[in-house]
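Novice: Got a file for you: upload31.cif, mmCIF, C-alpha atoms.
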data_structure
#
loop_
_atom_site.label_atom_id
_atom_site.label_comp_id
_atom_site.auth_asym_id
_atom_site.auth_seq_id
_atom_site.Cartn_x
_atom_site.Cartn_y
_atom_site.Cartn_z
CA MET U 24 27.50 0.40 -15.30
CA ALA U 25 25.21 -1.90 -13.34
CA ASP U 26 26.67 -0.53 -10.10
CA SER U 27 25.18 2.90 -10.90
CA VAL U 28 21.65 1.50 -10.66
CA ILE U 29 20.39 1.11 -7.10
CA VAL U 30 16.70 0.58 -7.91
CA GLY U 31 15.99 -3.13 -7.58
CA GLN U 32 19.11 -3.91 -5.53
CA TYR U 33 19.02 -5.16 -1.94
CA VAL U 34 21.74 -4.51 0.63
CA GLU U 35 21.70 -6.50 3.87
CA THR U 36 22.86 -4.37 6.81
CA HIS U 37 20.56 -5.56 9.66
CA SER U 38 19.25 -2.06 10.33
CA ILE U 39 15.92 -0.99 11.80
CA PHE U 40 14.45 -0.47 8.33
CA HIS U 41 15.37 -4.03 7.30
CA ARG U 42 13.26 -5.37 10.17
CA LEU U 43 10.19 -3.24 9.45
CA ASP U 44 7.08 -4.77 7.92
CA PRO U 45 7.10 -4.18 4.12
CA ARG U 46 3.52 -2.90 4.31
CA ILE U 47 4.39 -0.14 6.77
CA LYS U 48 7.44 0.77 4.69
CA LEU U 49 5.32 1.10 1.55
CA VAL U 50 2.66 3.18 3.29
CA SER U 51 5.23 5.38 5.06
CA ILE U 52 7.18 6.03 1.86
CA VAL U 53 3.98 7.01 0.04
CA ILE U 54 3.00 9.37 2.90
CA LEU U 55 6.46 10.97 2.89
CA MET U 56 6.53 11.36 -0.90
CA LEU U 57 3.10 13.00 -0.89
CA SER U 58 4.18 15.29 1.94
CA PHE U 59 7.13 16.45 -0.16
CA LEU U 60 4.63 17.92 -2.60
CA MET U 61 3.80 20.44 0.13
CA LEU U 62 7.36 21.76 0.32
CA GLY U 63 7.24 25.50 -0.25
CA THR U 64 9.66 27.40 1.96
CA TRP U 65 13.40 26.99 2.36
CA LEU U 66 12.86 25.94 5.98
CA SER U 67 10.57 23.09 4.93
CA TYR U 68 13.17 21.94 2.39
CA ALA U 69 15.86 22.02 5.09
CA VAL U 70 13.68 20.04 7.52
CA ALA U 71 12.87 17.46 4.82
CA THR U 72 16.57 17.15 3.93
CA VAL U 73 17.61 16.53 7.54
CA PHE U 74 14.83 13.95 7.92
CA VAL U 75 15.79 12.09 4.74
CA PHE U 76 19.49 12.02 5.61
CA GLY U 77 18.54 10.74 9.05
CA ILE U 78 16.73 7.87 7.34
CA LEU U 79 19.78 7.17 5.18
CA LEU U 80 22.00 6.96 8.25
CA LEU U 81 19.57 4.71 10.12
CA SER U 82 19.39 2.36 7.12
CA LYS U 83 23.15 1.72 7.55
CA VAL U 84 23.47 1.46 3.77
CA PRO U 85 26.79 3.01 2.63
CA ILE U 86 26.25 6.54 1.34
CA HIS U 87 28.17 5.81 -1.86
CA PHE U 88 25.30 3.52 -2.90
CA PHE U 89 22.96 6.51 -3.03
CA TRP U 90 25.55 8.68 -4.79
CA ARG U 91 26.01 6.02 -7.48
CA GLY U 92 22.26 6.01 -7.96
CA LEU U 93 22.08 9.78 -8.38
CA ARG U 94 25.08 10.06 -10.68
CA PRO U 95 23.31 8.85 -13.89
CA LEU U 96 20.60 11.47 -13.28
CA LEU U 97 22.93 14.45 -12.97
CA PHE U 98 22.31 15.45 -16.59
CA VAL U 99 18.53 15.36 -16.09
CA LEU U 100 18.82 17.37 -12.86
CA LEU U 101 21.10 19.93 -14.51
CA PHE U 102 18.74 20.24 -17.48
CA THR U 103 15.79 20.78 -15.12
CA LEU U 104 17.68 23.54 -13.30
CA LEU U 105 18.76 25.31 -16.50
CA TYR U 106 15.33 24.98 -18.13
CA ASN U 107 13.63 26.73 -15.21
CA ALA U 108 16.40 29.33 -14.94
CA VAL U 109 16.08 30.33 -18.61
CA PHE U 110 12.34 30.04 -19.28
CA THR U 111 11.00 31.53 -16.04
CA LYS U 112 10.33 35.25 -16.25
CA GLY U 113 11.67 37.53 -13.53
CA THR U 114 14.68 39.54 -12.43
CA ILE U 115 17.49 39.02 -14.94
CA LEU U 116 20.79 37.95 -13.36
CA TRP U 117 22.73 37.15 -16.53
CA SER U 118 21.98 37.39 -20.25
CA TRP U 119 23.66 36.52 -23.49
CA SER U 120 21.98 37.04 -26.86
CA PHE U 121 18.42 35.74 -26.42
CA ILE U 122 19.29 33.65 -23.32
CA GLU U 123 18.30 35.20 -19.99
CA VAL U 124 18.84 33.63 -16.56
CA THR U 125 16.45 34.94 -13.92
CA GLU U 126 16.58 34.87 -10.14
CA GLU U 127 13.08 33.42 -9.88
CA GLY U 128 13.99 30.74 -12.41
CA LEU U 129 17.05 29.67 -10.42
CA ARG U 130 14.98 29.43 -7.26
CA THR U 131 12.26 27.40 -8.97
CA GLY U 132 14.76 25.11 -10.67
CA LEU U 133 16.72 24.56 -7.45
CA ARG U 134 13.52 23.61 -5.61
CA PHE U 135 12.51 21.16 -8.34
CA VAL U 136 15.94 19.51 -8.34
CA TRP U 137 16.06 19.43 -4.54
CA ARG U 138 12.64 17.76 -4.38
CA ILE U 139 13.52 15.18 -7.06
CA ILE U 140 16.70 14.22 -5.19
CA LEU U 141 14.77 13.71 -1.95
CA LEU U 142 12.17 11.54 -3.71
CA ILE U 143 14.86 9.41 -5.36
CA LEU U 144 16.66 8.90 -2.05
CA LEU U 145 13.43 7.82 -0.34
CA ALA U 146 12.59 5.33 -3.10
CA SER U 147 16.16 4.01 -2.92
CA VAL U 148 15.86 3.36 0.82
CA LEU U 149 12.75 1.26 0.18
CA THR U 150 14.34 -0.99 -2.44
CA LEU U 151 17.75 -1.22 -0.75
CA THR U 152 16.28 -2.35 2.58
CA THR U 153 13.48 -4.64 1.33
CA LYS U 154 13.84 -7.95 -0.45
CA PRO U 155 11.88 -8.14 -3.74
CA LEU U 156 9.72 -11.05 -2.55
CA ASP U 157 8.89 -9.24 0.71
CA LEU U 158 8.02 -6.14 -1.29
CA ALA U 159 5.69 -8.17 -3.51
CA TYR U 160 4.07 -9.85 -0.51
CA GLY U 161 3.54 -6.53 1.27
CA LEU U 162 2.08 -4.89 -1.83
CA GLU U 163 -0.21 -7.87 -2.33
CA LYS U 164 -1.52 -7.62 1.23
CA LEU U 165 -2.10 -3.87 0.94
CA LEU U 166 -4.08 -4.28 -2.29
CA ALA U 167 -5.96 -7.37 -1.09
CA PRO U 168 -9.34 -5.51 -0.76
CA LEU U 169 -9.25 -4.80 -4.51
CA SER U 170 -9.32 -8.53 -5.26
CA LYS U 171 -13.00 -8.56 -4.26
CA MET U 172 -13.61 -6.24 -7.22
CA GLY U 173 -11.97 -8.65 -9.64
CA VAL U 174 -8.59 -6.92 -9.72
CA PRO U 175 -5.73 -9.47 -10.18
CA VAL U 176 -3.81 -8.17 -7.17
CA GLU U 177 -1.40 -11.11 -6.94
CA GLN U 178 -0.36 -10.85 -10.58
CA PHE U 179 -0.09 -7.07 -10.41
CA SER U 180 2.16 -7.17 -7.32
CA LEU U 181 4.43 -9.79 -8.87
CA MET U 182 4.62 -7.81 -12.12
CA ILE U 183 5.65 -4.60 -10.33
CA VAL U 184 8.39 -6.29 -8.31
CA ILE U 185 9.76 -8.20 -11.30
CA ALA U 186 9.88 -4.96 -13.30
CA ILE U 187 11.84 -3.26 -10.49
CA ARG U 188 14.19 -6.21 -10.10
CA PHE U 189 14.85 -6.37 -13.85
CA ILE U 190 16.25 -2.82 -13.97
CA PRO U 191 19.76 -3.74 -12.68
CA THR U 192 19.60 -6.98 -14.68
CA ILE U 193 19.05 -5.08 -17.93
CA LYS U 194 21.89 -2.72 -16.99
CA GLU U 195 24.19 -5.69 -16.44
CA GLU U 196 23.22 -7.09 -19.84
CA LEU U 197 23.92 -3.73 -21.50
CA ASP U 198 27.29 -3.60 -19.76
CA ARG U 199 28.12 -7.08 -21.05
CA ILE U 200 27.23 -6.14 -24.64
CA LEU U 201 29.37 -2.99 -24.45
CA LEU U 202 32.32 -4.99 -23.10
CA ALA U 203 31.92 -7.51 -25.93
CA GLN U 204 32.01 -4.71 -28.50
CA LYS U 205 35.00 -3.14 -26.78
CA ALA U 206 36.83 -6.48 -26.95
CA ARG U 207 36.24 -6.42 -30.72
CA GLY U 208 37.88 -2.99 -30.95
CA TYR U 209 34.69 -0.88 -31.01
CA ASP U 210 34.83 1.47 -28.02
CA LEU U 211 31.80 3.76 -27.71
CA THR U 212 33.47 5.95 -25.09
CA ALA U 213 36.02 7.06 -27.68
CA LEU U 214 33.31 8.52 -29.93
CA SER U 215 31.94 12.05 -29.75
CA LEU U 216 28.58 12.58 -28.07
CA PRO U 217 26.42 12.79 -31.28
CA LYS U 218 28.08 9.69 -32.77
CA ARG U 219 27.80 7.86 -29.46
CA ILE U 220 24.03 8.44 -29.35
CA PHE U 221 23.54 6.89 -32.80
CA ALA U 222 26.00 4.10 -31.96
CA TYR U 223 23.68 2.90 -29.20
CA VAL U 224 20.91 2.13 -31.73
CA PRO U 225 22.38 -1.22 -32.94
CA ILE U 226 22.83 -2.27 -29.31
CA ILE U 227 19.09 -2.06 -28.64
CA ILE U 228 18.35 -5.14 -30.78
CA PRO U 229 20.55 -7.64 -28.89
CA LEU U 230 19.51 -6.02 -25.60
CA LEU U 231 15.81 -6.52 -26.39
CA PHE U 232 16.50 -10.08 -27.54
CA THR U 233 18.28 -11.06 -24.33
CA THR U 234 15.66 -9.30 -22.19
CA ILE U 235 12.83 -11.19 -23.90
CA GLN U 236 14.83 -14.40 -23.50
CA ARG U 237 15.21 -13.80 -19.76
CA ALA U 238 11.51 -12.97 -19.44
CA GLU U 239 10.61 -16.21 -21.22
CA GLN U 240 12.86 -18.24 -18.91
CA LEU U 241 11.29 -16.54 -15.90
CA SER U 242 7.78 -17.38 -17.13
CA TYR U 243 8.80 -21.03 -17.52
CA ALA U 244 10.19 -21.02 -13.98
CA ILE U 245 6.94 -19.54 -12.61
CA ASP U 246 4.84 -22.14 -14.47
CA ALA U 247 7.13 -24.96 -13.28
CA ARG U 248 6.43 -23.92 -9.69
CA ALA U 249 2.67 -23.98 -10.36
CA TYR U 250 2.25 -20.33 -9.44
CA GLY U 251 -0.85 -19.97 -11.63
CA ASN U 252 -2.73 -16.74 -11.01
CA GLY U 253 -1.36 -16.51 -7.46
CA LYS U 254 -4.72 -16.84 -5.72
CA GLY U 255 -4.79 -18.98 -2.59
CA ARG U 256 -1.01 -19.03 -2.38
CA THR U 257 0.35 -19.31 1.14
CA SER U 258 3.53 -17.84 2.55
CA TYR U 259 6.09 -19.28 4.95
CA ARG U 260 6.46 -15.92 6.68
CA VAL U 261 3.21 -14.38 7.92
CA LEU U 262 3.32 -10.61 8.17
CA GLN U 263 2.40 -9.17 11.57
CA PHE U 264 2.69 -5.60 12.75
CA GLN U 265 5.04 -5.01 15.68
CA LYS U 266 5.44 -1.99 17.97
CA MET U 267 8.33 -0.77 15.83
CA ASP U 268 6.08 -0.76 12.75
CA TYR U 269 3.42 1.38 14.45
CA LEU U 270 6.14 3.74 15.66
CA ALA U 271 7.60 4.10 12.16
CA GLY U 272 4.18 4.78 10.65
CA GLY U 273 3.42 7.32 13.36
CA ILE U 274 6.71 9.16 12.75
CA ALA U 275 6.00 9.34 9.01
CA LEU U 276 2.50 10.71 9.65
CA LEU U 277 3.81 13.21 12.23
CA PHE U 278 6.46 14.45 9.79
CA ALA U 279 3.81 14.94 7.08
CA MET U 280 1.74 16.99 9.54
CA ILE U 281 4.80 19.13 10.38
CA LEU U 282 5.36 19.89 6.68
CA LEU U 283 1.66 20.75 6.33
CA TRP U 284 1.94 23.13 9.30
CA LEU U 285 5.02 24.75 7.77
CA LYS U 286 3.16 25.23 4.49
CA ILE U 287 0.01 26.67 6.08
CA GLY U 288 2.00 28.88 8.43
CA LYS U 289 4.40 29.90 5.63
CA VAL U 290 7.28 29.49 8.06
#
Taking this structure as input, can you express it in the form of structure tokens?

Specialist:
Amino acid sequence: MADSVIVGQYVETHSIFHRLDPRIKLVSIVILMLSFLMLGTWLSYAVATVFVFGILLLSKVPIHFFWRGLRPLLFVLLFTLLYNAVFTKGTILWSWSFIEVTEEGLRTGLRFVWRIILLILLASVLTLTTKPLDLAYGLEKLLAPLSKMGVPVEQFSLMIVIAIRFIPTIKEELDRILLAQKARGYDLTALSLPKRIFAYVPIIIPLLFTTIQRAEQLSYAIDARAYGNGKGRTSYRVLQFQKMDYLAGGIALLFAMILLWLKIGKV
């Protein structure tokens, strides 16, 4: 089960994206995600899809990693598509009783699902090609001006990265609890869907207990290393922008401008 979660995992492949500055990766990903909000025509969706798949190939991360990350969300994506297809008014393509599937609804639902998939893939590239500590350091440097206003930037950055990193850890713990129950003869996969949903309720208690236990151990480890509030902490690796970083940021900005041109021109 833990293998289906790619958020918070890091895969070393020595690609171009692995060598980029974490700050430029964060800024570029944000620019690209915001540009995806401007997707309106089928051509713009096609251009965005080609661009994203180009990024996936350049990252050199095996494609099955991204598929495993999308697989748990298939139900949510299918529900989004069906919800828009049924509740959007328009030309009726198929009807049964009070249920009506419209052409406009299918188009709207397909665009929503398409956009969500692209956003998930982009976020996955960021976490799969950036170490958690580098991500925290880059986020801390980007938010450094806010520290003059009294914002605890160092603690906030560390909190965000720990939360992301804990996602696969919690999944692993859930997998371990399910295996322990299966060893005792209680297999949830053999139950029907309604019974399986209620069967997960007793699992929440040990899962919360172990998660809190891990969080407490992590807090002790941070205190033992005299992290404190993080202010004045130095780093062995000093971040410096290289030519490749400026090029990557420029490409992201240029792509956002292309999508804006496609939206304004309605191409």

Novice: Counting only C-alpha atoms, which residues have an atom no more than 12 Å from (10.3, -9.8, -19.0) in the file's coordinates? Please list them as a VMD selection string.

Specialist: chain U and resid 181 to 190 192 to 193 230 to 243

Novice: Export C-alpha atoms of the chosen residues as a CSV table (one decimal), in the frame of the given file?

Specialist:
chain,number,residue,atom,x,y,z
U,181,LEU,CA,4.4,-9.8,-8.9
U,182,MET,CA,4.6,-7.8,-12.1
U,183,ILE,CA,5.6,-4.6,-10.3
U,184,VAL,CA,8.4,-6.3,-8.3
U,185,ILE,CA,9.8,-8.2,-11.3
U,186,ALA,CA,9.9,-5.0,-13.3
U,187,ILE,CA,11.8,-3.3,-10.5
U,188,ARG,CA,14.2,-6.2,-10.1
U,189,PHE,CA,14.8,-6.4,-13.8
U,190,ILE,CA,16.2,-2.8,-14.0
U,192,THR,CA,19.6,-7.0,-14.7
U,193,ILE,CA,19.0,-5.1,-17.9
U,230,LEU,CA,19.5,-6.0,-25.6
U,231,LEU,CA,15.8,-6.5,-26.4
U,232,PHE,CA,16.5,-10.1,-27.5
U,233,THR,CA,18.3,-11.1,-24.3
U,234,THR,CA,15.7,-9.3,-22.2
U,235,ILE,CA,12.8,-11.2,-23.9
U,236,GLN,CA,14.8,-14.4,-23.5
U,237,ARG,CA,15.2,-13.8,-19.8
U,238,ALA,CA,11.5,-13.0,-19.4
U,239,GLU,CA,10.6,-16.2,-21.2
U,240,GLN,CA,12.9,-18.2,-18.9
U,241,LEU,CA,11.3,-16.5,-15.9
U,242,SER,CA,7.8,-17.4,-17.1
U,243,TYR,CA,8.8,-21.0,-17.5

Novice: Considering only C-alpha atoms, return as a PDB file with C-alpha atoms, keeping the file's coordinate frame whatever protein or nucleic-acid residues lie within 10 Å of U:Ala271, sequence-local ones (same chain, fewer than 6 positions apart) excluded.

Specialist:
ATOM      1  CA  ILE U  39      15.920  -0.990  11.800  1.00  0.00           C
ATOM      2  CA  PHE U  40      14.450  -0.470   8.330  1.00  0.00           C
ATOM      3  CA  LEU U  43      10.190  -3.240   9.450  1.00  0.00           C
ATOM      4  CA  ASP U  44       7.080  -4.770   7.920  1.00  0.00           C
ATOM      5  CA  ILE U  47       4.390  -0.140   6.770  1.00  0.00           C
ATOM      6  CA  LYS U  48       7.440   0.770   4.690  1.00  0.00           C
ATOM      7  CA  SER U  51       5.230   5.380   5.060  1.00  0.00           C
ATOM      8  CA  LEU U 277       3.810  13.210  12.230  1.00  0.00           C
TER       9      LEU U 277
END

Novice: Determine, counting only C-alpha atoms, which protein, DNA and RNA residues have an atom within 10 Å of an atom of U:Val70; residues of the same chain fewer than 3 positions away are not included. Present the result as a list in words.

Specialist: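 That gives Leu62, Trp65, Leu66, Ser67, Val73, Phe74, Val75, Phe278, Ile281, Leu282 and Leu285 of chain U.
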
Novice: Between U:Ala249, U:Leu283, U:Val224, U:Leu49, which is the closest to U:Ala159 once you count all atoms listed in the file?

Specialist: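 Closest candidate: U:Leu49.
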
Novice: Can you spell out as number ranges by chain the set of residues that the PyMOL selection byres ((chain U and resi 101-113) around 10) selects in the structure I just provided?

Specialist: U: 96-100, 114-118, 121-137
